[in-house]
Each structure stands twice: as structure tokens, then as C-alpha cells.
>>> print(open('run00.txt').read())   # compact mmCIF, C-alpha atoms
# COMPACT_ATOMS: atom_id res chain seq x y z
CA MET A 183 0.00 0.00 0.00
CA THR A 184 1.40 3.41 -0.92
CA GLN A 185 1.69 6.22 1.59
CA GLY A 186 -0.86 8.25 -0.40
CA ARG A 187 -3.42 5.46 -0.30
CA ALA A 188 -2.83 4.94 3.42
CA SER A 189 -3.33 8.65 4.11
CA PHE A 190 -6.51 8.67 2.03
CA SER A 191 -8.04 5.74 3.90
CA GLU A 192 -7.05 7.36 7.20
CA GLN A 193 -8.83 10.56 6.17
CA LEU A 194 -11.87 8.59 5.11
CA ALA A 195 -11.87 6.80 8.45
CA ASP A 196 -11.83 10.20 10.17
CA ASP A 197 -14.74 11.33 7.99
CA ILE A 198 -16.74 8.24 8.93
CA VAL A 199 -16.08 8.91 12.63
CA GLU A 200 -17.35 12.48 12.18
CA LEU A 201 -20.46 11.08 10.47
CA ILE A 202 -21.06 8.74 13.40
CA ARG A 203 -20.77 11.64 15.84
CA SER A 204 -22.91 14.01 13.80
CA GLU A 205 -25.70 11.44 13.70
CA SER A 206 -25.31 10.74 17.43
CA LEU A 207 -24.79 7.02 16.86
CA GLY A 208 -23.68 4.92 19.81
CA PRO A 209 -22.51 1.37 20.54
CA GLY A 210 -24.85 -1.18 18.96
CA ASP A 211 -26.33 1.22 16.41
CA VAL A 212 -26.17 0.26 12.74
CA LEU A 213 -23.94 2.22 10.37
CA GLU A 214 -25.09 2.65 6.79
CA SER A 215 -23.80 0.14 4.25
CA SER A 216 -20.41 0.32 2.56
CA ARG A 217 -22.15 1.03 -0.73
CA ASP A 218 -24.08 3.96 0.75
CA LEU A 219 -20.94 5.31 2.41
CA ALA A 220 -19.11 5.08 -0.91
CA LYS A 221 -21.83 7.19 -2.55
CA ARG A 222 -21.86 9.68 0.31
CA PHE A 223 -18.08 10.26 0.18
CA ALA A 224 -17.71 9.75 -3.60
CA VAL A 225 -15.19 6.91 -3.26
CA THR A 226 -15.09 3.25 -4.24
CA THR A 227 -16.60 0.53 -2.05
CA PRO A 228 -13.21 -1.20 -1.53
CA THR A 229 -11.81 2.09 -0.21
CA VAL A 230 -14.68 2.32 2.28
CA ARG A 231 -14.06 -1.25 3.40
CA GLU A 232 -10.40 -0.47 3.95
CA ALA A 233 -11.33 2.52 6.12
CA LEU A 234 -13.82 0.41 8.06
CA ARG A 235 -11.16 -2.22 8.74
CA ARG A 236 -9.02 0.53 10.25
CA LEU A 237 -11.91 1.55 12.48
CA GLU A 238 -12.63 -2.08 13.38
CA ALA A 239 -9.04 -2.48 14.62
CA THR A 240 -9.65 0.25 17.22
CA GLY A 241 -13.14 -0.91 18.20
CA VAL A 242 -14.94 2.07 16.64
CA VAL A 243 -17.02 -0.27 14.47
CA GLU A 244 -17.79 -3.97 14.42
CA LEU A 245 -18.10 -5.74 11.06
CA ARG A 246 -20.62 -8.56 11.32
CA HIS A 247 -20.70 -10.77 8.27
CA GLY A 248 -24.18 -11.08 6.83
CA SER A 249 -25.54 -8.47 9.21
CA GLY A 250 -23.77 -5.18 8.58
CA THR A 251 -21.55 -2.67 10.31
CA TYR A 252 -22.31 -1.65 13.89
CA ILE A 253 -20.91 1.06 16.12
CA GLY A 254 -18.45 -0.41 18.62
CA PRO A 255 -17.44 0.67 22.12
CA GLY A 256 -14.16 2.29 21.04
CA LEU A 257 -15.43 5.57 19.60
CA GLU A 258 -14.15 7.71 22.51
CA ARG A 259 -11.39 5.34 23.62
CA SER A 260 -7.91 6.85 23.62
CA VAL A 261 -6.02 3.85 25.04
CA LEU A 262 -5.74 0.56 23.18
CA ALA A 263 -4.87 -2.86 24.56
CA ASN A 264 -1.53 -4.38 23.62
CA PRO A 265 -2.32 -7.79 22.05
CA HIS A 266 1.23 -8.97 22.81
CA ARG A 267 1.15 -8.43 26.57
CA PRO A 268 2.50 -11.30 28.72
CA HIS A 269 0.08 -13.87 30.12
CA ILE A 270 -1.78 -12.80 33.23
CA THR A 271 -0.42 -13.77 36.65
CA ARG A 272 -1.56 -13.46 40.24
CA ALA A 273 0.54 -10.28 40.47
CA SER A 274 -1.02 -8.65 37.39
CA VAL A 275 -4.57 -9.48 38.53
CA ILE A 276 -4.01 -8.09 42.02
CA GLU A 277 -2.27 -5.07 40.51
CA LEU A 278 -5.48 -4.22 38.62
CA VAL A 279 -7.59 -4.37 41.78
CA GLN A 280 -5.08 -2.22 43.66
CA ALA A 281 -5.18 0.39 40.90
CA ARG A 282 -8.98 0.39 41.02
CA LEU A 283 -8.87 0.78 44.81
CA VAL A 284 -6.93 4.02 44.35
CA ILE A 285 -9.30 5.40 41.71
CA GLU A 286 -12.86 4.17 42.22
CA PRO A 287 -13.82 5.09 45.82
CA GLY A 288 -13.29 8.78 45.06
CA ILE A 289 -15.25 8.37 41.84
CA ALA A 290 -18.19 6.96 43.82
CA ALA A 291 -18.15 10.01 46.10
CA LEU A 292 -18.23 12.31 43.07
CA ALA A 293 -21.13 10.34 41.58
CA ALA A 294 -23.08 10.79 44.84
CA SER A 295 -22.46 14.52 44.60
CA ALA A 296 -23.56 14.72 40.95
CA ARG A 297 -26.71 12.55 41.25
CA ASP A 298 -27.49 12.85 37.54
CA ALA A 299 -30.86 11.20 36.81
CA ALA A 300 -29.95 9.73 33.41
CA ALA A 301 -26.62 8.44 34.71
CA LEU A 302 -28.34 6.86 37.71
CA GLN A 303 -30.71 5.00 35.38
CA ARG A 304 -27.76 3.53 33.47
CA LEU A 305 -26.00 2.70 36.72
CA GLU A 306 -29.08 0.88 38.00
CA ALA A 307 -29.37 -1.07 34.74
CA ALA A 308 -25.69 -2.03 35.02
CA THR A 309 -26.13 -3.65 38.44
CA ALA A 310 -27.69 -6.69 36.77
CA THR A 311 -24.44 -7.53 34.95
CA ALA A 312 -22.97 -8.76 38.25
CA LEU A 313 -25.36 -11.72 38.08
CA GLN A 314 -24.06 -12.81 34.66
CA PRO A 315 -21.45 -15.59 34.76
CA PRO A 316 -18.05 -14.54 33.39
CA VAL A 317 -17.14 -15.57 29.85
CA HIS A 318 -13.65 -15.24 28.40
CA GLY A 319 -13.59 -12.71 25.57
CA PHE A 320 -17.05 -11.30 26.33
CA ARG A 321 -17.70 -7.86 27.79
CA PRO A 322 -21.23 -6.86 28.78
CA ALA A 323 -22.75 -3.80 27.12
CA LEU A 324 -23.01 -2.09 30.52
CA ASN A 325 -20.28 -2.28 33.13
CA PHE A 326 -21.23 -1.13 36.62
CA HIS A 327 -17.86 0.44 37.40
CA VAL A 328 -17.66 2.26 34.07
CA GLU A 329 -21.19 3.59 34.60
CA LEU A 330 -20.25 4.62 38.14
CA ALA A 331 -17.40 6.67 36.68
CA ALA A 332 -19.76 8.13 34.08
CA ALA A 333 -22.16 9.11 36.88
CA SER A 334 -19.38 11.23 38.40
CA GLY A 335 -19.96 13.72 35.60
CA ASN A 336 -16.24 13.73 34.78
CA GLY A 337 -15.67 12.39 31.28
CA LEU A 338 -11.95 11.84 31.86
CA LEU A 339 -12.63 9.63 34.87
CA ARG A 340 -15.12 7.57 32.87
CA GLU A 341 -12.58 7.22 30.08
CA THR A 342 -9.86 6.26 32.58
CA VAL A 343 -11.88 3.44 34.13
CA GLU A 344 -13.17 2.22 30.78
CA ALA A 345 -9.66 2.26 29.32
CA LEU A 346 -8.20 0.49 32.38
CA LEU A 347 -10.73 -2.33 32.16
CA HIS A 348 -10.21 -2.55 28.40
CA VAL A 349 -6.41 -2.62 28.54
CA ARG A 350 -6.50 -5.20 31.34
CA ALA A 351 -9.58 -7.08 30.10
CA PRO A 352 -8.01 -10.56 30.65
CA GLU A 353 -7.23 -9.67 34.27
CA GLN A 354 -10.72 -8.26 34.78
CA THR A 355 -12.26 -11.47 33.44
CA GLU A 356 -9.99 -13.49 35.73
CA ILE A 357 -11.17 -11.38 38.68
CA ARG A 358 -14.76 -12.31 37.91
CA PHE A 359 -13.84 -16.00 37.72
CA ARG A 360 -11.94 -15.91 41.01
CA TYR A 361 -14.46 -13.74 42.85
CA ASP A 362 -17.40 -15.91 41.84
CA ASP A 363 -20.02 -14.96 44.44
CA ARG A 364 -22.35 -13.38 41.89
CA GLN A 365 -25.11 -12.68 44.42
CA ARG A 366 -22.75 -10.89 46.82
CA ASP A 367 -21.26 -8.91 43.96
CA HIS A 368 -24.75 -7.85 42.91
CA THR A 369 -25.77 -6.94 46.46
CA GLU A 370 -22.69 -4.78 46.95
CA HIS A 371 -23.34 -2.99 43.67
CA LEU A 372 -26.89 -2.27 44.81
CA GLU A 373 -25.58 -0.84 48.09
CA ILE A 374 -23.21 1.47 46.22
CA LEU A 375 -26.04 2.50 43.90
CA GLY A 376 -28.23 3.31 46.92
CA ALA A 377 -25.58 5.51 48.49
CA VAL A 378 -25.01 7.36 45.21
CA ARG A 379 -28.75 7.85 44.71
CA ASP A 380 -29.08 9.17 48.29
CA GLY A 381 -26.26 11.65 47.71
CA ASP A 382 -24.22 10.10 50.51
CA GLY A 383 -20.67 10.54 49.22
CA ALA A 384 -18.99 9.17 52.35
CA ALA A 385 -21.04 5.97 52.24
CA ALA A 386 -20.54 5.56 48.49
CA GLU A 387 -16.79 5.92 48.90
CA ARG A 388 -16.66 3.53 51.88
CA LEU A 389 -18.84 0.88 50.22
CA THR A 390 -16.80 0.98 47.01
CA ARG A 391 -13.56 0.63 48.96
CA GLU A 392 -14.97 -2.29 50.98
CA HIS A 393 -16.25 -3.94 47.80
CA LEU A 394 -12.87 -3.79 46.07
CA THR A 395 -10.99 -4.74 49.24
CA THR A 396 -13.11 -7.89 49.54
CA ILE A 397 -12.28 -8.75 45.95
CA ARG A 398 -8.57 -8.17 46.53
CA GLU A 399 -8.57 -10.35 49.64
CA SER A 400 -10.33 -13.18 47.80
CA LEU A 401 -7.72 -12.98 45.03
CA GLU A 402 -4.85 -13.00 47.49
CA ALA A 403 -6.25 -16.21 48.98
CA ALA A 404 -6.96 -17.85 45.60
CA ASP A 405 -4.87 -20.67 44.16
CA PHE A 406 -3.46 -19.49 40.84
CA GLY A 407 -1.45 -22.67 40.38
CA ARG A 408 1.63 -22.18 38.25
CA ASP A 409 0.69 -18.52 37.73
CA ALA A 410 1.20 -17.75 41.43
CA SER A 411 4.15 -15.43 40.81
>>> encode(input="run00.txt", output="C-alpha cells")
Amino acid sequence: MTQGRASFSEQLADDIVELIRSESLGPGDVLESSRDLAKRFAVTTPTVREALRRLEATGVVELRHGSGTYIGPGLERSVLANPHRPHITRASVIELVQARLVIEPGIAALAASARDAAALQRLEAATATALQPPVHGFRPALNFHVELAAASGNGLLRETVEALLHVRAPEQTEIRFRYDDRQRDHTEHLEILGAVRDGDGAAAERLTREHLTTIRESLEAADFGRDAS
């Protein structure tokens, strides 16, 4: 591929992103067909497909054979996962929880202060994901901790938590396998939600810290076998 062709497809990818934003499309929404995009931007269909493959690589779109092109979760994501990272270990899993312990309790307090009605609705809907059994390679549409960060009203904090869980997705999945008390997880999420809804920042912060501390302690006691380093 020549540099000129690469630059052209990059520009077209940027134009498609602007189209997505201008039409207020979000994750799960359907993007118009490659043929229609080619007509809109006065380019060939193969050129559109090349641009879409670029966007697929960053999670902006998802290409589903026989179904179409859908908006992915990566539209606002500024940090991408390294596919060549080493295999997860006990240390890397616990490291993720420790990082979240530093960040998320304060986020919960901010969310209790903001008490945004729309954000609280999404946060309530996200509590149900705790009851879903973990599946390797699958991420639920709503993540309670990402929605908690969104409820803080600070877009950078939401992006930080979302990016952290994306970059360390294997560790996060491992956490859900190791901390497998789905009912307790769900109950603790509901308690955090209640504190946020009541505007009780101190309680929201304390409950979030206790929740993550319980998870960390269960991981520290877990048998990781040969990955115990």
C-alpha cells in the first residue's frame, strides 16, 4: 500500500467517525452500508471497506458478516490494549484491583455529589451484569464500574476506568472467575447505587472501597497454580 493510499483511507476513516458523531450514533447502532458510504463520500466501495477495517481495529465499528456494520465501544477510547502483553499472573490481577482501589472510591463520592438522573438509570441497569457468569472474551454492554465513573460527571474519569478495564480485560475477566459470588457482587453494587442515589458521598466511597478490598482479599487467597508469581 502506498503512503498516499494509506493517508486517504485514514482521512476517510476520520470522515466516517465524524459522520457517526454528527448522527449521534452509539454502541450497537447500525452504520449505513459500505455502498451507501461510498456514494456519500464519492469513493469506491473497496476504499470504504479499507477505512472500516481501520476503524474495526480500534473498536470504533464492528463488522458482522451477513448483518452489517455496527458502532463499537471504542469511539471515545484513547487507550488501546496491547495484544502482545504477557500472560496474566496473580501479580497482574491483584495489581489491577489495587489500581482500582486508588481510583474508584473517590469516583463513587463524586457520583453521589452529581446525582445525575440519566446516569443513575444507566448505573441501575448495570447492576444486573454482576449476576451474569463470566465468559472469556465477552464484555457486557453495561459495566457497573464504568457507569459509576460516568455518573461522576467527569468524562476523563469515565474514560480512565473504561480504558483500564479494556487494557487489562483478561485480568478483569480473571477477577470475575476468582471472585465468583455473583449474588454478593450484585448486592454490593446495589448498596453502592443506593448511596449514590441518596447523595451520601462518604457511604458511596466507603462501600466501594470495601467492595474492592473484599475482591482483593479473595484474590490474594486464591490458588493461581503455576501462575502464582
>>> closest_residue(input="run00.txt", among="A:Asn336, A:Gln280, A:Thr355, A:Gln303", to="Val317 in chain A", atoms="only C-alpha atoms")
A:Thr355
>>> closest_residue(input="run00.txt", among="A:Ile202, A:Ala195, A:Ile357, A:Leu346", to="Ser400 in chain A", atoms="only C-alpha atoms")
A:Ile357
>>> atom_distance(input="run00.txt", atom1="CA of Ile397 in chain A", atom2="CA of Gly288 in chain A")
17.6 Å
>>> atom_distance(input="run00.txt", atom1="CA of Glu387 in chain A", atom2="CA of Phe326 in chain A")
14.8 Å
>>> atom_distance(input="run00.txt", atom1="CA of Leu292 in chain A", atom2="CA of His348 in chain A")
22.4 Å
>>> residues_around(input="run00.txt", residues="Arg304 in chain A", least_positions_apart="6", cutoff="9 Å", atoms="only C-alpha atoms", output="PDB file with C-alpha atoms, in the frame of the given file")
ATOM      1  CA  LEU A 324     -23.010  -2.090  30.520  1.00  0.00           C
ATOM      2  CA  PHE A 326     -21.230  -1.130  36.620  1.00  0.00           C
ATOM      3  CA  GLU A 329     -21.190   3.590  34.600  1.00  0.00           C
ATOM      4  CA  LEU A 330     -20.250   4.620  38.140  1.00  0.00           C
ATOM      5  CA  ALA A 333     -22.160   9.110  36.880  1.00  0.00           C
TER       6      ALA A 333
END
>>> closest_residue(input="run00.txt", among="A:Arg398, A:Lys221, A:His393, A:Arg379", to="Ser295 in chain A", atoms="all atoms listed in the file")
A:Arg379
>>> residues_around(input="run00.txt", residues="Ala385 in chain A", least_positions_apart="5", cutoff="12 Å", atoms="all atoms listed in the file", output="list in words")
Pro287, Gly288, Ala290, Ala291, Leu292, Ala293, Ala294, Ser295, Glu373, Ile374, Leu375, Gly376, Ala377, Val378, Arg379, Asp380, Thr390, Arg391, Glu392 and His393 of chain A
>>> residues_around(input="run00.txt", residues="Arg358 in chain A", least_positions_apart="6", cutoff="12 Å", atoms="only C-alpha atoms", output="NGL selection string")
:A and (275 or 279 or 311-318 or 320-321 or 351-352 or 364 or 367 or 394 or 397-398 or 400-401)
>>> axis_aligned_box(input="run00.txt", around="range 277-281 of chain A", padding_each_side="6 Å", output="AutoDock Vina command-line options")
--center_x -4.9 --center_y -2.3 --center_z 41.1 --size_x 17.3 --size_y 17.5 --size_z 17.0
>>> closest_residue(input="run00.txt", among="A:Glu306, A:Asp196, A:Asp298, A:Asp362", to="Arg236 in chain A", atoms="all atoms listed in the file")
A:Asp196
>>> closest_residue(input="run00.txt", among="A:Ile198, A:Val349, A:Ala301, A:Ala308", to="Gly335 in chain A", atoms="all atoms listed in the file")
A:Ala301
>>> residues_around(input="run00.txt", residues="Asp211 in chain A", least_positions_apart="5", cutoff="12 Å", atoms="only C-alpha atoms", output="list in words")
Ile202, Arg203, Glu205, Ser206, Val242, Val243, Glu244, Gly250, Thr251, Tyr252, Ile253, Gly254 and Pro255 of chain A
>>> closest_residue(input="run00.txt", among="A:Ala386, A:Leu194, A:Ala273, A:Ala233", to="Phe406 in chain A", atoms="all atoms listed in the file")
A:Ala273
